[in-house]
>>> print(open('query13.pdb').read())   # PDB, C-alpha atoms
ATOM      1  CA  MET A  10     -21.943  46.764   8.692
ATOM      2  CA  ARG A  11     -21.891  44.475   5.691
ATOM      3  CA  THR A  12     -23.090  47.353   3.498
ATOM      4  CA  ALA A  13     -20.372  49.610   4.835
ATOM      5  CA  PHE A  14     -17.728  46.966   4.110
ATOM      6  CA  ALA A  15     -19.038  46.493   0.584
ATOM      7  CA  ALA A  16     -18.988  50.249   0.008
ATOM      8  CA  ALA A  17     -15.417  50.445   1.281
ATOM      9  CA  ALA A  18     -14.411  47.583  -0.985
ATOM     10  CA  LEU A  19     -15.967  49.361  -3.947
ATOM     11  CA  LEU A  20     -14.027  52.502  -3.093
ATOM     12  CA  VAL A  21     -10.791  50.540  -2.970
ATOM     13  CA  LEU A  22     -11.561  48.869  -6.296
ATOM     14  CA  ALA A  23     -12.405  52.179  -7.875
ATOM     15  CA  ALA A  24      -9.335  53.940  -6.555
ATOM     16  CA  PRO A  25      -6.830  52.997  -9.298
ATOM     17  CA  SER A  26      -8.973  54.355 -12.132
ATOM     18  CA  GLN A  27      -9.741  57.541 -10.172
ATOM     19  CA  ALA A  28      -6.037  58.056  -9.633
ATOM     20  CA  ALA A  29      -5.054  57.238 -13.203
ATOM     21  CA  ASP A  30      -2.708  59.868 -14.613
ATOM     22  CA  PRO A  31      -2.777  60.215 -18.419
ATOM     23  CA  ALA A  32       0.285  62.503 -18.389
ATOM     24  CA  ARG A  33       2.303  59.788 -16.684
ATOM     25  CA  GLY A  34       0.675  57.350 -19.075
ATOM     26  CA  LYS A  35       2.149  59.307 -21.982
ATOM     27  CA  GLN A  36       5.606  59.103 -20.403
ATOM     28  CA  LEU A  37       5.207  55.359 -20.018
ATOM     29  CA  TYR A  38       3.916  55.048 -23.581
ATOM     30  CA  ASP A  39       6.873  57.027 -24.940
ATOM     31  CA  SER A  40       9.385  54.830 -23.153
ATOM     32  CA  ARG A  41       7.808  51.373 -23.113
ATOM     33  CA  CYS A  42       5.424  51.135 -26.049
ATOM     34  CA  ILE A  43       7.071  53.344 -28.654
ATOM     35  CA  GLY A  44       9.521  50.642 -29.696
ATOM     36  CA  CYS A  45       6.714  48.842 -31.504
ATOM     37  CA  HIS A  46       3.692  51.150 -31.508
ATOM     38  CA  SER A  47       2.640  54.625 -32.616
ATOM     39  CA  LEU A  48      -0.695  56.346 -32.225
ATOM     40  CA  ASP A  49      -1.275  56.895 -35.930
ATOM     41  CA  ALA A  50       0.840  54.336 -37.787
ATOM     42  CA  SER A  51       0.882  50.557 -37.657
ATOM     43  CA  ARG A  52       4.501  49.490 -37.279
ATOM     44  CA  VAL A  53       5.785  46.378 -35.508
ATOM     45  CA  GLY A  54       2.509  46.600 -33.603
ATOM     46  CA  PRO A  55      -0.818  48.138 -34.643
ATOM     47  CA  ALA A  56      -1.678  51.848 -34.354
ATOM     48  CA  HIS A  57      -3.340  52.829 -31.087
ATOM     49  CA  ARG A  58      -5.444  55.909 -31.746
ATOM     50  CA  GLY A  59      -9.080  54.901 -31.554
ATOM     51  CA  VAL A  60      -8.317  51.657 -29.738
ATOM     52  CA  PHE A  61     -11.101  52.240 -27.223
ATOM     53  CA  GLY A  62     -14.240  50.551 -28.466
ATOM     54  CA  ARG A  63     -12.409  48.835 -31.316
ATOM     55  CA  ARG A  64     -12.613  45.095 -31.785
ATOM     56  CA  ALA A  65      -9.267  43.310 -31.410
ATOM     57  CA  GLY A  66      -7.645  42.541 -34.745
ATOM     58  CA  ALA A  67      -9.769  45.038 -36.667
ATOM     59  CA  LEU A  68      -7.251  47.374 -38.332
ATOM     60  CA  LYS A  69      -6.969  46.709 -42.058
ATOM     61  CA  ASP A  70      -3.365  47.845 -42.376
ATOM     62  CA  TYR A  71      -1.922  45.477 -39.777
ATOM     63  CA  ASP A  72      -1.179  41.769 -40.097
ATOM     64  CA  TYR A  73      -2.553  40.408 -36.819
ATOM     65  CA  SER A  74      -2.056  36.937 -35.441
ATOM     66  CA  ALA A  75      -4.923  34.565 -36.115
ATOM     67  CA  ALA A  76      -5.573  34.588 -32.378
ATOM     68  CA  LEU A  77      -6.260  38.353 -32.384
ATOM     69  CA  ARG A  78      -8.298  38.263 -35.590
ATOM     70  CA  ASP A  79     -10.484  35.437 -34.303
ATOM     71  CA  SER A  80     -10.975  36.809 -30.819
ATOM     72  CA  ARG A  81     -14.163  38.594 -29.904
ATOM     73  CA  VAL A  82     -12.449  40.966 -27.541
ATOM     74  CA  VAL A  83     -13.486  44.603 -27.705
ATOM     75  CA  TRP A  84     -10.979  46.989 -26.184
ATOM     76  CA  ASP A  85     -12.146  48.911 -23.143
ATOM     77  CA  ALA A  86     -10.534  49.726 -19.801
ATOM     78  CA  ARG A  87     -11.183  46.267 -18.434
ATOM     79  CA  THR A  88      -9.995  44.263 -21.442
ATOM     80  CA  LEU A  89      -6.963  46.512 -21.934
ATOM     81  CA  ASP A  90      -6.016  46.020 -18.289
ATOM     82  CA  ARG A  91      -6.244  42.246 -18.654
ATOM     83  CA  TRP A  92      -4.323  42.396 -21.944
ATOM     84  CA  LEU A  93      -1.499  44.489 -20.556
ATOM     85  CA  ALA A  94      -1.301  42.349 -17.408
ATOM     86  CA  ASP A  95      -0.940  39.081 -19.330
ATOM     87  CA  PRO A  96      -1.660  39.115 -23.069
ATOM     88  CA  GLU A  97      -1.228  35.366 -23.483
ATOM     89  CA  ARG A  98      -3.750  34.667 -20.748
ATOM     90  CA  LEU A  99      -6.384  36.902 -22.357
ATOM     91  CA  ILE A 100      -5.796  35.779 -25.958
ATOM     92  CA  PRO A 101      -3.688  32.607 -26.207
ATOM     93  CA  GLY A 102      -1.557  32.567 -29.327
ATOM     94  CA  GLN A 103      -1.131  36.349 -29.477
ATOM     95  CA  ARG A 104       2.224  37.770 -30.531
ATOM     96  CA  MET A 105       2.814  40.749 -28.240
ATOM     97  CA  ASN A 106       4.087  38.916 -25.158
ATOM     98  CA  TYR A 107       4.978  42.231 -23.493
ATOM     99  CA  SER A 108       3.290  42.763 -20.166
ATOM    100  CA  VAL A 109       3.002  45.619 -17.703
ATOM    101  CA  ALA A 110       3.211  44.237 -14.194
ATOM    102  CA  GLU A 111       2.162  47.213 -12.094
ATOM    103  CA  PRO A 112      -1.594  47.943 -11.948
ATOM    104  CA  ALA A 113      -0.926  51.678 -11.537
ATOM    105  CA  ASP A 114       1.207  51.713 -14.685
ATOM    106  CA  ARG A 115      -1.511  49.915 -16.617
ATOM    107  CA  ALA A 116      -4.127  52.360 -15.339
ATOM    108  CA  ASP A 117      -2.038  55.350 -16.419
ATOM    109  CA  LEU A 118      -1.352  53.872 -19.851
ATOM    110  CA  ILE A 119      -5.033  53.095 -20.332
ATOM    111  CA  ALA A 120      -5.998  56.612 -19.268
ATOM    112  CA  TYR A 121      -3.592  58.002 -21.862
ATOM    113  CA  LEU A 122      -4.887  55.710 -24.608
ATOM    114  CA  ARG A 123      -8.474  56.592 -23.709
ATOM    115  CA  GLY A 124      -7.688  60.283 -24.056
ATOM    116  CA  GLN A 125      -5.965  59.775 -27.404
ATOM    117  CA  SER A 126      -8.846  57.656 -28.681
ATOM    118  CA  GLN A 127     -11.255  60.501 -28.064
ATOM    119  CA  ARG A 128      -9.332  62.911 -30.310
TER     120      ARG A 128
ATOM    121  CA  MET B 243      32.232  32.836 -34.096
ATOM    122  CA  LYS B 244      29.650  34.465 -36.348
ATOM    123  CA  SER B 245      27.069  36.613 -34.631
ATOM    124  CA  ALA B 246      24.349  34.429 -36.117
ATOM    125  CA  GLU B 247      25.724  31.546 -34.110
ATOM    126  CA  ILE B 248      25.900  33.391 -30.834
ATOM    127  CA  ILE B 249      22.229  33.267 -29.979
ATOM    128  CA  VAL B 250      21.463  29.694 -30.863
ATOM    129  CA  PRO B 251      20.718  28.102 -27.502
ATOM    130  CA  ALA B 252      23.091  25.268 -26.755
ATOM    131  CA  ARG B 253      20.262  22.945 -25.801
ATOM    132  CA  ARG B 254      18.595  23.322 -29.165
ATOM    133  CA  ALA B 255      21.889  23.071 -30.991
ATOM    134  CA  PHE B 256      22.400  19.780 -29.188
ATOM    135  CA  LEU B 257      19.051  18.575 -30.525
ATOM    136  CA  GLY B 258      20.423  19.018 -34.011
ATOM    137  CA  GLY B 259      19.193  22.517 -34.587
ATOM    138  CA  ALA B 260      16.342  21.739 -36.981
ATOM    139  CA  GLY B 261      12.935  22.967 -35.891
ATOM    140  CA  LYS B 262      11.317  20.072 -37.693
ATOM    141  CA  ALA B 263      13.319  17.752 -35.503
ATOM    142  CA  THR B 264      11.968  19.543 -32.423
ATOM    143  CA  LEU B 265       8.414  19.122 -33.679
ATOM    144  CA  SER B 266       9.068  15.486 -34.385
ATOM    145  CA  VAL B 267      10.195  15.046 -30.814
ATOM    146  CA  ALA B 268       6.940  16.701 -29.757
ATOM    147  CA  ALA B 269       4.906  14.390 -31.930
ATOM    148  CA  ILE B 270       6.690  11.382 -30.498
ATOM    149  CA  ALA B 271       6.114  12.715 -26.999
ATOM    150  CA  LEU B 272       2.389  13.079 -27.668
ATOM    151  CA  LEU B 273       2.164   9.535 -28.957
ATOM    152  CA  ALA B 274       3.965   8.309 -25.878
ATOM    153  CA  GLY B 275       1.690  10.339 -23.613
ATOM    154  CA  GLN B 276       4.473  12.616 -22.381
ATOM    155  CA  GLU B 277       2.570  15.876 -22.391
ATOM    156  CA  ALA B 278       5.314  17.863 -20.725
ATOM    157  CA  LEU B 279       7.624  17.330 -23.670
ATOM    158  CA  ALA B 280       4.871  18.158 -26.135
ATOM    159  CA  GLN B 281       4.173  21.390 -24.285
ATOM    160  CA  GLY B 282       7.840  22.181 -24.673
ATOM    161  CA  ALA B 283       7.370  22.367 -28.431
ATOM    162  CA  SER B 284       4.412  24.706 -28.005
ATOM    163  CA  ALA B 285       6.544  26.851 -25.738
ATOM    164  CA  GLY B 286       9.183  26.859 -28.472
ATOM    165  CA  MET B 287       6.707  28.305 -30.932
ATOM    166  CA  GLN B 288       5.806  31.049 -28.457
ATOM    167  CA  ASP B 289       9.506  31.861 -28.249
ATOM    168  CA  VAL B 290       9.598  31.992 -32.055
ATOM    169  CA  SER B 291       6.691  34.421 -31.947
ATOM    170  CA  ILE B 292       8.632  36.714 -29.598
ATOM    171  CA  LEU B 293      11.765  36.446 -31.723
ATOM    172  CA  ASN B 294       9.763  37.417 -34.796
ATOM    173  CA  VAL B 295       8.515  40.572 -33.091
ATOM    174  CA  ALA B 296      12.157  41.310 -32.251
ATOM    175  CA  LEU B 297      13.049  40.749 -35.894
ATOM    176  CA  GLY B 298      10.372  43.249 -36.898
ATOM    177  CA  LEU B 299      12.008  45.773 -34.573
ATOM    178  CA  GLU B 300      15.407  45.127 -36.135
ATOM    179  CA  HIS B 301      14.068  45.469 -39.691
ATOM    180  CA  GLU B 302      12.607  48.830 -38.713
ATOM    181  CA  ALA B 303      15.819  49.977 -37.019
ATOM    182  CA  ILE B 304      17.935  49.071 -40.065
ATOM    183  CA  ASN B 305      15.612  51.038 -42.317
ATOM    184  CA  ALA B 306      15.426  53.977 -39.916
ATOM    185  CA  TYR B 307      19.214  54.303 -39.986
ATOM    186  CA  GLN B 308      19.127  53.928 -43.776
ATOM    187  CA  LEU B 309      16.619  56.773 -43.995
ATOM    188  CA  GLY B 310      18.903  58.865 -41.825
ATOM    189  CA  ALA B 311      21.998  57.964 -43.822
ATOM    190  CA  GLN B 312      20.304  58.839 -47.117
ATOM    191  CA  SER B 313      18.782  62.046 -45.821
ATOM    192  CA  GLY B 314      21.873  64.145 -46.435
ATOM    193  CA  LEU B 315      21.317  65.670 -42.997
ATOM    194  CA  LEU B 316      24.149  63.867 -41.176
ATOM    195  CA  THR B 317      27.697  65.152 -40.910
ATOM    196  CA  LYS B 318      30.463  62.659 -41.692
ATOM    197  CA  PRO B 319      31.317  61.617 -38.106
ATOM    198  CA  VAL B 320      27.636  61.201 -37.225
ATOM    199  CA  LEU B 321      26.997  59.314 -40.454
ATOM    200  CA  ASP B 322      29.834  56.918 -39.558
ATOM    201  CA  VAL B 323      28.246  56.223 -36.176
ATOM    202  CA  ALA B 324      24.815  55.740 -37.765
ATOM    203  CA  VAL B 325      26.253  53.230 -40.233
ATOM    204  CA  LEU B 326      28.028  51.404 -37.392
ATOM    205  CA  PHE B 327      24.802  51.193 -35.358
ATOM    206  CA  GLN B 328      22.954  50.018 -38.457
ATOM    207  CA  SER B 329      25.546  47.239 -38.833
ATOM    208  CA  HIS B 330      24.821  46.156 -35.238
ATOM    209  CA  HIS B 331      21.127  45.918 -36.101
ATOM    210  CA  LYS B 332      21.977  43.901 -39.197
ATOM    211  CA  GLY B 333      23.931  41.550 -36.927
ATOM    212  CA  HIS B 334      20.882  41.279 -34.651
ATOM    213  CA  ARG B 335      18.681  40.608 -37.690
ATOM    214  CA  ASP B 336      20.933  37.869 -39.013
ATOM    215  CA  ALA B 337      21.178  36.204 -35.621
ATOM    216  CA  LEU B 338      17.403  36.343 -35.100
ATOM    217  CA  VAL B 339      16.693  34.956 -38.583
ATOM    218  CA  ALA B 340      19.099  32.067 -37.990
ATOM    219  CA  THR B 341      17.570  31.283 -34.613
ATOM    220  CA  ILE B 342      13.966  31.471 -35.833
ATOM    221  CA  ARG B 343      14.796  29.084 -38.648
ATOM    222  CA  LYS B 344      16.580  26.688 -36.317
ATOM    223  CA  LEU B 345      13.472  26.621 -34.129
ATOM    224  CA  GLY B 346      11.300  25.786 -37.131
ATOM    225  CA  GLY B 347       9.747  29.211 -37.586
ATOM    226  CA  THR B 348       9.443  31.519 -40.564
ATOM    227  CA  PRO B 349      11.228  34.846 -40.162
ATOM    228  CA  VAL B 350       8.966  37.859 -40.624
ATOM    229  CA  ALA B 351       9.714  39.702 -43.876
ATOM    230  CA  GLU B 352      11.145  43.182 -44.154
ATOM    231  CA  LYS B 353       8.723  45.823 -45.472
ATOM    232  CA  SER B 354       9.563  48.334 -48.181
ATOM    233  CA  MET B 355      11.603  51.439 -47.409
ATOM    234  CA  ASP B 356       8.564  53.531 -48.348
ATOM    235  CA  ASP B 357       6.491  51.720 -45.733
ATOM    236  CA  TYR B 358       9.069  52.460 -43.037
ATOM    237  CA  ALA B 359       9.429  56.069 -44.166
ATOM    238  CA  LYS B 360       5.687  56.591 -43.924
ATOM    239  CA  ALA B 361       5.280  54.809 -40.586
ATOM    240  CA  LEU B 362       8.195  56.734 -39.058
ATOM    241  CA  ASN B 363       7.025  60.019 -40.532
ATOM    242  CA  ALA B 364      10.420  60.484 -42.171
ATOM    243  CA  ALA B 365       9.186  63.444 -44.212
ATOM    244  CA  THR B 366       9.316  65.540 -41.026
ATOM    245  CA  LEU B 367      13.081  65.003 -40.570
ATOM    246  CA  LYS B 368      14.653  68.383 -41.328
ATOM    247  CA  SER B 369      17.926  68.367 -39.393
ATOM    248  CA  GLN B 370      20.599  66.116 -37.959
ATOM    249  CA  ALA B 371      19.042  66.546 -34.544
ATOM    250  CA  ASP B 372      15.685  65.323 -35.896
ATOM    251  CA  VAL B 373      17.347  62.167 -37.207
ATOM    252  CA  LEU B 374      19.170  61.564 -33.930
ATOM    253  CA  GLU B 375      15.964  62.166 -31.932
ATOM    254  CA  LEU B 376      14.155  59.565 -34.004
ATOM    255  CA  ALA B 377      17.010  57.086 -33.604
ATOM    256  CA  ALA B 378      17.216  57.700 -29.856
ATOM    257  CA  ARG B 379      13.453  57.244 -29.483
ATOM    258  CA  LEU B 380      13.539  53.943 -31.361
ATOM    259  CA  GLU B 381      16.585  52.697 -29.444
ATOM    260  CA  MET B 382      14.950  53.527 -26.113
ATOM    261  CA  GLY B 383      11.776  51.768 -27.232
ATOM    262  CA  ALA B 384      13.711  48.731 -28.400
ATOM    263  CA  THR B 385      15.631  48.552 -25.123
ATOM    264  CA  ASN B 386      12.420  48.517 -23.135
ATOM    265  CA  ALA B 387      10.721  46.109 -25.542
ATOM    266  CA  TYR B 388      13.536  43.589 -25.161
ATOM    267  CA  LEU B 389      13.613  43.969 -21.392
ATOM    268  CA  GLY B 390       9.831  43.624 -21.286
ATOM    269  CA  VAL B 391       9.661  40.297 -23.109
ATOM    270  CA  ILE B 392      12.399  38.596 -21.093
ATOM    271  CA  PRO B 393       9.907  37.034 -18.638
ATOM    272  CA  ALA B 394       7.819  35.650 -21.514
ATOM    273  CA  PHE B 395      10.540  33.426 -22.949
ATOM    274  CA  LYS B 396      10.215  29.747 -22.125
ATOM    275  CA  ASP B 397      13.863  29.101 -22.941
ATOM    276  CA  PRO B 398      16.205  30.890 -20.497
ATOM    277  CA  ALA B 399      18.930  30.973 -23.143
ATOM    278  CA  LEU B 400      16.679  33.096 -25.345
ATOM    279  CA  ALA B 401      15.827  35.336 -22.394
ATOM    280  CA  LYS B 402      19.546  35.963 -22.040
ATOM    281  CA  VAL B 403      19.701  36.835 -25.737
ATOM    282  CA  ALA B 404      16.977  39.436 -25.219
ATOM    283  CA  GLY B 405      19.107  40.892 -22.431
ATOM    284  CA  ARG B 406      22.117  41.077 -24.725
ATOM    285  CA  LEU B 407      20.083  42.763 -27.462
ATOM    286  CA  ALA B 408      18.774  45.243 -24.893
ATOM    287  CA  ALA B 409      22.358  45.983 -23.848
ATOM    288  CA  ASP B 410      23.299  46.880 -27.433
ATOM    289  CA  GLU B 411      20.250  49.140 -27.798
ATOM    290  CA  THR B 412      21.041  50.811 -24.483
ATOM    291  CA  MET B 413      24.577  51.496 -25.682
ATOM    292  CA  HIS B 414      23.163  53.065 -28.850
ATOM    293  CA  TRP B 415      20.689  55.176 -26.886
ATOM    294  CA  SER B 416      23.399  56.382 -24.504
ATOM    295  CA  ILE B 417      25.632  57.607 -27.317
ATOM    296  CA  LEU B 418      22.748  59.206 -29.211
ATOM    297  CA  ALA B 419      21.479  60.909 -26.058
ATOM    298  CA  ASN B 420      24.959  62.244 -25.378
ATOM    299  CA  ALA B 421      25.217  63.590 -28.930
ATOM    300  CA  LEU B 422      21.880  65.333 -28.457
ATOM    301  CA  GLY B 423      22.990  66.827 -25.146
ATOM    302  CA  LYS B 424      20.289  65.033 -23.199
ATOM    303  CA  PRO B 425      20.815  64.771 -19.444
ATOM    304  CA  MET B 426      21.879  61.444 -18.018
ATOM    305  CA  PRO B 427      19.152  59.515 -16.210
ATOM    306  CA  MET B 428      19.262  60.664 -12.593
ATOM    307  CA  ALA B 429      17.497  57.640 -11.111
ATOM    308  CA  ALA B 430      18.738  54.104 -10.930
ATOM    309  CA  LEU B 431      16.873  51.397 -12.870
ATOM    310  CA  SER B 432      15.587  53.892 -15.413
ATOM    311  CA  PHE B 433      15.288  51.324 -18.202
ATOM    312  CA  GLY B 434      12.517  48.782 -18.408
ATOM    313  CA  ALA B 435      10.246  50.773 -16.150
TER     314      ALA B 435
END
>>> encode(input="query13.pdb", output="structure tokens")
Amino acid sequence: MRTAFAAAALLVLAAPSQAADPARGKQLYDSRCIGCHSLDASRVGPAHRGVFGRRAGALKDYDYSAALRDSRVVWDARTLDRWLADPERLIPGQRMNYSVAEPADRADLIAYLRGQSQR
Amino acid sequence: MKSAEIIVPARRAFLGGAGKATLSVAAIALLAGQEALAQGASAGMQDVSILNVALGLEHEAINAYQLGAQSGLLTKPVLDVAVLFQSHHKGHRDALVATIRKLGGTPVAEKSMDDYAKALNAATLKSQADVLELAARLEMGATNAYLGVIPAFKDPALAKVAGRLAADETMHWSILANALGKPMPMAALSFGA
């Protein structure tokens, strides 16, 4: 019984990433992120292509906050989810301050960024 | 009233306006053991950080419209609108700079036109529609950026400012979208989501 419950809980936890929609993630990126970010150019915010597996604050052409530069965060699905949910909580002193409240939106954005990082 | 004066929160203006004065209050509060007041100063610096990101957006918008205006691709009536919108962004810039300074921060510097041209891929602009598409994309992004940082402000007066900036960007986007023949948003609450 306990095993069955644990398995069900795992399924529930896994569900958002299984349902993540990179096409919707692109739509969200083009409306919510594009004000500051691009995939291939650092603008108000740093460029995003290749973000998966990259250490926070690592791009040479972007002037990061000291908090980002000094952090030891490496971007993956888990750290990106925490970052998008509450950037100040993950890395106090950061400068983005923009958060994405809905877990499904974060999952779709992360799926999109993962796909673009692999190109 | 000058636009630069519009967004200075009344509470901070009452404190005398100088950021150094705010920090001094924080220092005094720390000495007196009043941590809540000291945290208020820290919160003020987080607000400055948000305002500086906004200023970066405005610098980019001003330069984007300049690139469009200098491109030779815009007809006279469209050029007039672009210059008007650019003047709004200059008003935003001036107001943000004044507020950041009053809060004791250092306004982020504008980059070179070449930097903006490269980052915005301006070399690919070949028609008036291309310029308007770029402007509309940036205005939509700015609208959503401003709406998205509203909850992060510690000072409600600055959150209201972000709302007012978002309203200007939305107005720009609406006119640009109309000029491009884009359909109106069919759903309610289409911005900020």
>>> resolve_selection(input="query13.pdb", expression="the ChimeraX specification (/A :<10) & /B", output="number ranges by chain")
B: 284, 287-303, 353, 357-358, 360-363, 379-395, 432-435
>>> closest_residue(input="query13.pdb", among="A:Gly59, A:Leu89, A:Gly66, A:Asp79", to="A:Asp117", atoms="all atoms listed in the file")
A:Leu89
>>> resolve_selection(input="query13.pdb", expression="the PyMOL selection byres ((chain A and resi 127) around 10)", output="PDB file with C-alpha atoms, in the frame of the given file")
ATOM      1  CA  ARG A  58      -5.444  55.909 -31.746  1.00  0.00           C
ATOM      2  CA  GLY A  59      -9.080  54.901 -31.554  1.00  0.00           C
ATOM      3  CA  VAL A  60      -8.317  51.657 -29.738  1.00  0.00           C
ATOM      4  CA  PHE A  61     -11.101  52.240 -27.223  1.00  0.00           C
ATOM      5  CA  LEU A 122      -4.887  55.710 -24.608  1.00  0.00           C
ATOM      6  CA  ARG A 123      -8.474  56.592 -23.709  1.00  0.00           C
ATOM      7  CA  GLY A 124      -7.688  60.283 -24.056  1.00  0.00           C
ATOM      8  CA  GLN A 125      -5.965  59.775 -27.404  1.00  0.00           C
ATOM      9  CA  SER A 126      -8.846  57.656 -28.681  1.00  0.00           C
ATOM     10  CA  ARG A 128      -9.332  62.911 -30.310  1.00  0.00           C
TER      11      ARG A 128
END
>>> resolve_selection(input="query13.pdb", expression="the PyMOL selection byres ((chain A and resi 91) around 12)", output="NGL selection string")
:A and (82-90 or 92-100 or 108-112 or 115-116 or 119)
>>> write_last_selection(input="query13.pdb", atoms="C-alpha atoms", output="compact mmCIF listing (two decimals), in the frame of the given file")
# COMPACT_ATOMS: atom_id res chain seq x y z
CA VAL A 82 -12.45 40.97 -27.54
CA VAL A 83 -13.49 44.60 -27.70
CA TRP A 84 -10.98 46.99 -26.18
CA ASP A 85 -12.15 48.91 -23.14
CA ALA A 86 -10.53 49.73 -19.80
CA ARG A 87 -11.18 46.27 -18.43
CA THR A 88 -9.99 44.26 -21.44
CA LEU A 89 -6.96 46.51 -21.93
CA ASP A 90 -6.02 46.02 -18.29
CA TRP A 92 -4.32 42.40 -21.94
CA LEU A 93 -1.50 44.49 -20.56
CA ALA A 94 -1.30 42.35 -17.41
CA ASP A 95 -0.94 39.08 -19.33
CA PRO A 96 -1.66 39.12 -23.07
CA GLU A 97 -1.23 35.37 -23.48
CA ARG A 98 -3.75 34.67 -20.75
CA LEU A 99 -6.38 36.90 -22.36
CA ILE A 100 -5.80 35.78 -25.96
CA SER A 108 3.29 42.76 -20.17
CA VAL A 109 3.00 45.62 -17.70
CA ALA A 110 3.21 44.24 -14.19
CA GLU A 111 2.16 47.21 -12.09
CA PRO A 112 -1.59 47.94 -11.95
CA ARG A 115 -1.51 49.92 -16.62
CA ALA A 116 -4.13 52.36 -15.34
CA ILE A 119 -5.03 53.10 -20.33
>>> closest_residue(input="query13.pdb", among="B:Ala401, B:Asp410, B:Leu345, B:Asp356", to="B:Ser329", atoms="only C-alpha atoms")
B:Asp410
>>> atom_distance(input="query13.pdb", atom1="atom CA of B:Ile342", atom2="atom CA of B:Leu376")
28.2 Å
>>> atom_distance(input="query13.pdb", atom1="atom CA of B:His334", atom2="atom CA of B:Thr366")
27.6 Å
>>> residues_near_point(input="query13.pdb", point="(27.0, 51.2, -40.0)", cutoff="12 Å", atoms="all atoms listed in the file", output="PyMOL selection string")
chain B and resi 303-308+310-311+319-333+414
>>> closest_residue(input="query13.pdb", among="B:Gly314, B:Leu400, B:Pro425, B:Ala377", to="B:Thr412", atoms="all atoms listed in the file")
B:Ala377
>>> atom_distance(input="query13.pdb", atom1="atom CA of A:Pro31", atom2="atom CA of B:Glu375")
23.2 Å
